[in-house]
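See structure below.
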Amino acid sequence: MGRTKAKLQNGQPALGGWIMIGHPSVAELLAGEGFDWLAVDMEHTSTTVRTFHELSLAVKGSAVDLLVRLPGHDPQITKLVLDSGADGIIVPAVNTPEQAREAVAMAKFPPHGHRGASLCRATDFGRNFRDYYRNHNENVLVVCMLEHIDAVNNVDAILAVPGIDATFIGPYDLSASMGLPGQTDHPDVLEAQQTLLAACKRHGVPAGIHVVPVGGDEVSRRIGEGFRFIACGIDTEFLLFAARHMLQEVMDTSEVRD
Ligand code: 3PY
Ligand code: MG
């Protein structure tokens with residue numbers, strides 16, 4: 001079992017990095033910073049399964065768990081990324097218990113699911129087939145994103161589905177589904193987040209959230225609230241933040257300013 005799942009089962013926070021720039025160096029660099037997990041975003045990027053495979057090679061040997069935020073609910077893509085070496089999946093927009101059941105099933109081998117078996121890279125090309133197969137259903141991390149007002153309304157039924165290792169709030173989609181696109185701090189959106197958090201606590205399922213802006217304070221605050229599966233920023237946000245602040249500093253202090 002990877003460190004993320006172990007931490008979540010112990011009630012500890014598991015902190016992640018988020019990769020939109022699908023380059024192996026980004027994965028290698030972030031893996032060296034001590035995150036528990038990294039998510040490779042295949043929902044909102046041009047990252048392909050082949051690219052994911054290359055990122056997986058870049059973190060080989062590190063302790064980080066490499067997850068994929070899937071583009072949707074497609075069992076074929078799920079199979080390909082798990083075969084390529086993903087330690088788990090983050091499934092976007094799980095709005096109903098049926099979708100939650102499918103999220104779990106597509107990640108697991110029979111009898112708990114319907115992932116196909118093969119002599120893929122994840123099994124060390126067959127050399128580790130038996131152990132991999134035997135342990136996979138317990139090891140794989142299944143994260144369901146709760147990021148729609150329908151998920152808020154269905155949250156108890158969704159969380160009753162066995163096999164969900166963590167949930168993960170997408171603040172942007174949640175706000176958009178409430179007619180408040182991008183207003184992630186709107187009181188109604190914050191209230192919906194708290195409804196989701198409270199339901200996770202009631203059901204004993206670790207709650208997660210994406211803290212998008214760069215800021216350790218906000219991550220600490222979310223941990224204090226009880227969130228456990230937390231994405232800290234985005235690689236692109238780190239770049240934007242550092243570039244903007246550095247240039248601003250120069251502008252504020254030198255004659256570059258016009
Ligand atoms: C959202 O905010 O909708 C997300 O999916 C963040 O990952
Ligand atoms: Mg989203």
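The chains in the structure tokens are called A, B, ... from first to last as shown; in each chain the residues are counted from 1, and the ligands are counted from 1 in the order shown.
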Next on the checklist: I need the residues in region 184-248 of chain A that are strand (DSSP E) according to DSSP; give them as a PyMOL selection string.
Outcome noted: chain A and resi 208-211+229-232
Item to check | Env. residues ligand 2 / 8 Å / only C-alpha atoms and all ligand atoms / as a list in words | outcome: Pro92, Ala93, Met145, Glu147, Gly170, Pro171, Tyr172, Asp173 and Leu174 of chain A
Dump as a tab-separated table (two decimals), in the first residue's frame, selection limited to all heavy atoms:
```tsv
chain	number	residue	atom	x	y	z
A	92	PRO	N	-13.29	12.61	-11.90
A	92	PRO	CA	-13.98	13.90	-11.84
A	92	PRO	C	-15.50	13.72	-11.76
A	92	PRO	O	-16.05	12.70	-12.21
A	92	PRO	CB	-13.60	14.59	-13.15
A	92	PRO	CG	-13.25	13.49	-14.09
A	92	PRO	CD	-12.72	12.36	-13.24
A	93	ALA	N	-16.15	14.72	-11.19
A	93	ALA	CA	-17.61	14.85	-11.23
A	93	ALA	C	-18.37	13.55	-10.97
A	93	ALA	O	-19.11	13.06	-11.82
A	93	ALA	CB	-18.03	15.44	-12.58
A	145	MET	N	-14.31	12.74	-7.04
A	145	MET	CA	-14.46	14.20	-6.93
A	145	MET	C	-15.92	14.57	-6.72
A	145	MET	O	-16.81	14.12	-7.44
A	145	MET	CB	-13.93	14.89	-8.19
A	145	MET	CG	-12.41	14.81	-8.28
A	145	MET	SD	-11.71	15.99	-9.45
A	145	MET	CE	-11.96	17.55	-8.60
A	147	GLU	N	-17.92	17.71	-7.00
A	147	GLU	CA	-17.70	19.06	-7.55
A	147	GLU	C	-18.91	19.55	-8.34
A	147	GLU	O	-18.77	20.29	-9.31
A	147	GLU	CB	-16.42	19.09	-8.40
A	147	GLU	CG	-16.36	18.04	-9.49
A	147	GLU	CD	-15.11	18.16	-10.37
A	147	GLU	OE1	-14.35	19.14	-10.25
A	147	GLU	OE2	-14.92	17.27	-11.21
A	170	GLY	N	-13.74	19.86	-6.01
A	170	GLY	CA	-13.23	20.77	-7.03
A	170	GLY	C	-13.97	22.09	-6.88
A	170	GLY	O	-15.12	22.20	-7.32
A	171	PRO	N	-13.34	23.09	-6.27
A	171	PRO	CA	-14.07	24.33	-5.97
A	171	PRO	C	-14.58	25.04	-7.22
A	171	PRO	O	-15.64	25.69	-7.17
A	171	PRO	CB	-13.03	25.21	-5.26
A	171	PRO	CG	-11.92	24.29	-4.86
A	171	PRO	CD	-11.95	23.13	-5.79
A	172	TYR	N	-13.85	24.92	-8.32
A	172	TYR	CA	-14.27	25.66	-9.52
A	172	TYR	C	-15.52	25.06	-10.14
A	172	TYR	O	-16.49	25.77	-10.45
A	172	TYR	CB	-13.10	25.75	-10.53
A	172	TYR	CG	-12.16	26.84	-10.11
A	172	TYR	CD1	-11.14	26.58	-9.21
A	172	TYR	CD2	-12.35	28.15	-10.53
A	172	TYR	CE1	-10.30	27.59	-8.75
A	172	TYR	CE2	-11.52	29.17	-10.08
A	172	TYR	CZ	-10.50	28.89	-9.20
A	172	TYR	OH	-9.70	29.90	-8.74
A	173	ASP	N	-15.52	23.75	-10.36
A	173	ASP	CA	-16.72	23.14	-10.94
A	173	ASP	C	-17.90	23.25	-9.99
A	173	ASP	O	-19.04	23.45	-10.44
A	173	ASP	CB	-16.45	21.68	-11.29
A	173	ASP	CG	-15.82	21.57	-12.68
A	173	ASP	OD1	-16.32	22.22	-13.61
A	173	ASP	OD2	-14.82	20.84	-12.83
A	174	LEU	N	-17.63	23.12	-8.69
A	174	LEU	CA	-18.73	23.24	-7.73
A	174	LEU	C	-19.37	24.62	-7.86
A	174	LEU	O	-20.60	24.74	-7.96
A	174	LEU	CB	-18.21	23.00	-6.31
A	174	LEU	CG	-19.25	23.09	-5.19
A	174	LEU	CD1	-20.37	22.07	-5.38
A	174	LEU	CD2	-18.60	22.90	-3.81
```
Residues of chain A within 10 Å of ligand 1: nearest atom pair and distance (Å, one decimal) for each, counting only C-alpha atoms and all ligand atoms, sorted by chain and number, as a Markdown table?
```
| residue | atom | partner | partner_atom_place_in_ligand_line | distance |
| --- | --- | --- | --- | --- |
| A:Trp18 | CA | ligand 1 | 7 (O) | 8.4 |
| A:Ala39 | CA | ligand 1 | 7 (O) | 9.6 |
| A:Asp41 | CA | ligand 1 | 7 (O) | 8.4 |
| A:Glu43 | CA | ligand 1 | 5 (O) | 8.4 |
| A:His44 | CA | ligand 1 | 5 (O) | 8.6 |
| A:Arg69 | CA | ligand 1 | 7 (O) | 8.3 |
| A:Ile90 | CA | ligand 1 | 7 (O) | 9.5 |
| A:Val91 | CA | ligand 1 | 5 (O) | 9.7 |
| A:Pro92 | CA | ligand 1 | 5 (O) | 6.9 |
| A:Ala93 | CA | ligand 1 | 5 (O) | 8.2 |
| A:Met145 | CA | ligand 1 | 5 (O) | 7.7 |
| A:Leu146 | CA | ligand 1 | 3 (O) | 8.9 |
| A:Glu147 | CA | ligand 1 | 3 (O) | 6.1 |
| A:His148 | CA | ligand 1 | 3 (O) | 8.6 |
| A:Phe168 | CA | ligand 1 | 7 (O) | 8.2 |
| A:Ile169 | CA | ligand 1 | 2 (O) | 7.0 |
| A:Gly170 | CA | ligand 1 | 1 (C) | 3.3 |
| A:Pro171 | CA | ligand 1 | 2 (O) | 3.9 |
| A:Tyr172 | CA | ligand 1 | 2 (O) | 3.4 |
| A:Asp173 | CA | ligand 1 | 3 (O) | 3.6 |
| A:Leu174 | CA | ligand 1 | 3 (O) | 6.2 |
| A:Ser175 | CA | ligand 1 | 3 (O) | 8.0 |
| A:Ala176 | CA | ligand 1 | 3 (O) | 8.3 |
| A:Ser177 | CA | ligand 1 | 3 (O) | 9.6 |
| A:Pro181 | CA | ligand 1 | 3 (O) | 9.8 |
| A:Gly182 | CA | ligand 1 | 2 (O) | 8.6 |
| A:Thr184 | CA | ligand 1 | 2 (O) | 8.5 |
| A:Ile209 | CA | ligand 1 | 6 (C) | 7.9 |
| A:His210 | CA | ligand 1 | 6 (C) | 5.5 |
| A:Val211 | CA | ligand 1 | 6 (C) | 8.1 |
| A:Val212 | CA | ligand 1 | 6 (C) | 7.3 |
| A:Ala231 | CA | ligand 1 | 7 (O) | 8.1 |
| A:Gly233 | CA | ligand 1 | 7 (O) | 9.3 |
| A:Ile234 | CA | ligand 1 | 7 (O) | 8.8 |
```
Write out as CSV the residues of region 105-212 of chain A that have any atom within 12 Å of an atom of region 219-227 of chain A, one row each with the nearest atom pair and its distance in Å to one decimal, counting only C-alpha atoms, sorted by chain and then rising number.
```
residue,atom,partner,partner_atom,distance
A:Ala166,CA,A:Phe227,CA,9.9
A:Thr167,CA,A:Phe227,CA,9.5
A:Phe168,CA,A:Phe227,CA,9.2
A:Ile169,CA,A:Phe227,CA,10.0
A:Gln193,CA,A:Phe227,CA,10.7
A:Gln194,CA,A:Glu225,CA,9.2
A:Leu196,CA,A:Phe227,CA,10.5
A:Leu197,CA,A:Phe227,CA,7.4
A:Ala198,CA,A:Gly226,CA,9.2
A:Ala199,CA,A:Gly226,CA,11.7
A:Cys200,CA,A:Phe227,CA,9.3
A:Lys201,CA,A:Gly226,CA,8.2
A:Arg202,CA,A:Gly226,CA,11.9
A:Gly204,CA,A:Gly226,CA,11.4
A:Val205,CA,A:Phe227,CA,10.3
A:Pro206,CA,A:Phe227,CA,7.0
A:Ala207,CA,A:Phe227,CA,5.0
A:Gly208,CA,A:Phe227,CA,5.3
A:Ile209,CA,A:Phe227,CA,6.9
A:His210,CA,A:Val219,CA,9.1
A:Val211,CA,A:Val219,CA,6.5
A:Val212,CA,A:Val219,CA,9.6
```
Checklist entry - When you draw a straight line from CA of Gln76 (chain A) to CA of Ile19 (chain A), how long is it in Å? => result 21.7 Å
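The space between CA of Pro24 (chain A) and CA of Ser56 (chain A) spans 7.8 Å.
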At a cut-off of 10 Å, using only C-alpha atoms, what residues contact Asp165 (chain A)? Leave out same-chain residues fewer than 2 positions from it and give the result as a short mmCIF file (atom, residue, chain, number, x, y, z; two decimals) with C-alpha atoms, in the first residue's frame.
```cif
data_model
loop_
_atom_site.label_atom_id
_atom_site.label_comp_id
_atom_site.auth_asym_id
_atom_site.auth_seq_id
_atom_site.Cartn_x
_atom_site.Cartn_y
_atom_site.Cartn_z
CA THR A 4 -1.16 8.16 0.74
CA LYS A 5 -3.61 5.38 1.46
CA LEU A 8 -5.57 8.41 5.04
CA GLN A 9 -6.40 5.18 6.85
CA GLY A 88 -4.65 5.44 -8.14
CA VAL A 104 -14.54 1.86 -7.81
CA VAL A 140 -5.18 1.10 -5.52
CA LEU A 141 -6.41 4.52 -4.40
CA VAL A 142 -9.87 5.56 -5.57
CA VAL A 143 -10.75 9.22 -5.12
CA CYS A 144 -14.16 10.52 -6.12
CA PRO A 162 -17.91 0.86 -0.52
CA GLY A 163 -14.37 1.31 -1.82
CA THR A 167 -13.32 12.44 -1.78
CA GLY A 204 -15.82 8.09 7.92
CA VAL A 205 -14.54 8.82 4.40
CA PRO A 206 -11.48 11.11 4.23
CA ALA A 207 -12.45 14.45 2.72
CA PHE A 229 -6.58 14.60 0.96
#
```
Checklist entry - Which polymer residues have any atom within 10 Å of an atom of Leu80 (chain A), counting only C-alpha atoms, with same-chain residues fewer than 5 positions away left out, as a count of residues only? => result 10
Next on the checklist: I'd like to know which residues of region 45-256 of chain A are helix (DSSP H, G or I) (by DSSP, run on the backbone); could you write them as a PyMOL selection string?
Outcome noted: chain A and resi 49-58+75-84+97-107+121-123+129-139+149-153+155-159+171-177+187-203+216-225+235-253
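Computed from the coordinates, the CA of Phe129 (chain A) to CA of Lys79 (chain A) distance equals 15.3 Å.
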Checklist entry - What lies within 9 Å of Phe238 (chain A) using only C-alpha atoms, ignoring chain neighbours under 5 positions off, as an MDAnalysis selection string? => result chainID A and resid 213:214 233 243
Emit the selected residues as a PDB file, in the first residue's frame, including N, CA and C atoms.
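selection.pdb written:
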```pdb
ATOM      1  N   PRO A 213      -4.946  28.364  -5.082  1.00  0.00           N
ATOM      2  CA  PRO A 213      -3.933  29.429  -4.998  1.00  0.00           C
ATOM      3  C   PRO A 213      -2.740  28.984  -4.152  1.00  0.00           C
ATOM      4  N   VAL A 214      -1.554  29.470  -4.494  1.00  0.00           N
ATOM      5  CA  VAL A 214      -0.359  29.084  -3.743  1.00  0.00           C
ATOM      6  C   VAL A 214      -0.442  29.705  -2.348  1.00  0.00           C
ATOM      7  N   GLY A 233      -1.926  23.634  -4.522  1.00  0.00           N
ATOM      8  CA  GLY A 233      -1.597  24.407  -5.718  1.00  0.00           C
ATOM      9  C   GLY A 233      -1.657  23.595  -6.999  1.00  0.00           C
ATOM     10  N   ALA A 243       6.749  34.033 -10.806  1.00  0.00           N
ATOM     11  CA  ALA A 243       7.106  34.988 -11.861  1.00  0.00           C
ATOM     12  C   ALA A 243       6.505  36.357 -11.562  1.00  0.00           C
TER      13      ALA A 243
END
```
Next on the checklist: Using only C-alpha atoms, can you tell me which of A:Ala122, A:Met246, A:Ile164, A:Ala58 comes closest to Ala105 (chain A)?
Outcome noted: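 For Ala105 (chain A), the nearest of the given residues is A:Ile164.
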Checklist entry - Hey, what's within 9 Å of Leu38 (chain A) if we count only C-alpha atoms and toss same-chain stuff fewer than 3 positions away? As an MDAnalysis selection string, please? => result chainID A and resid 15:19 27 30:31 35 64:68 231
Checklist outcome for this item: With distances taken over only C-alpha atoms, the candidate from A:Ser84, A:Ser46, A:Ser62, A:Asn128 nearest Glu28 (chain A) is A:Ser62
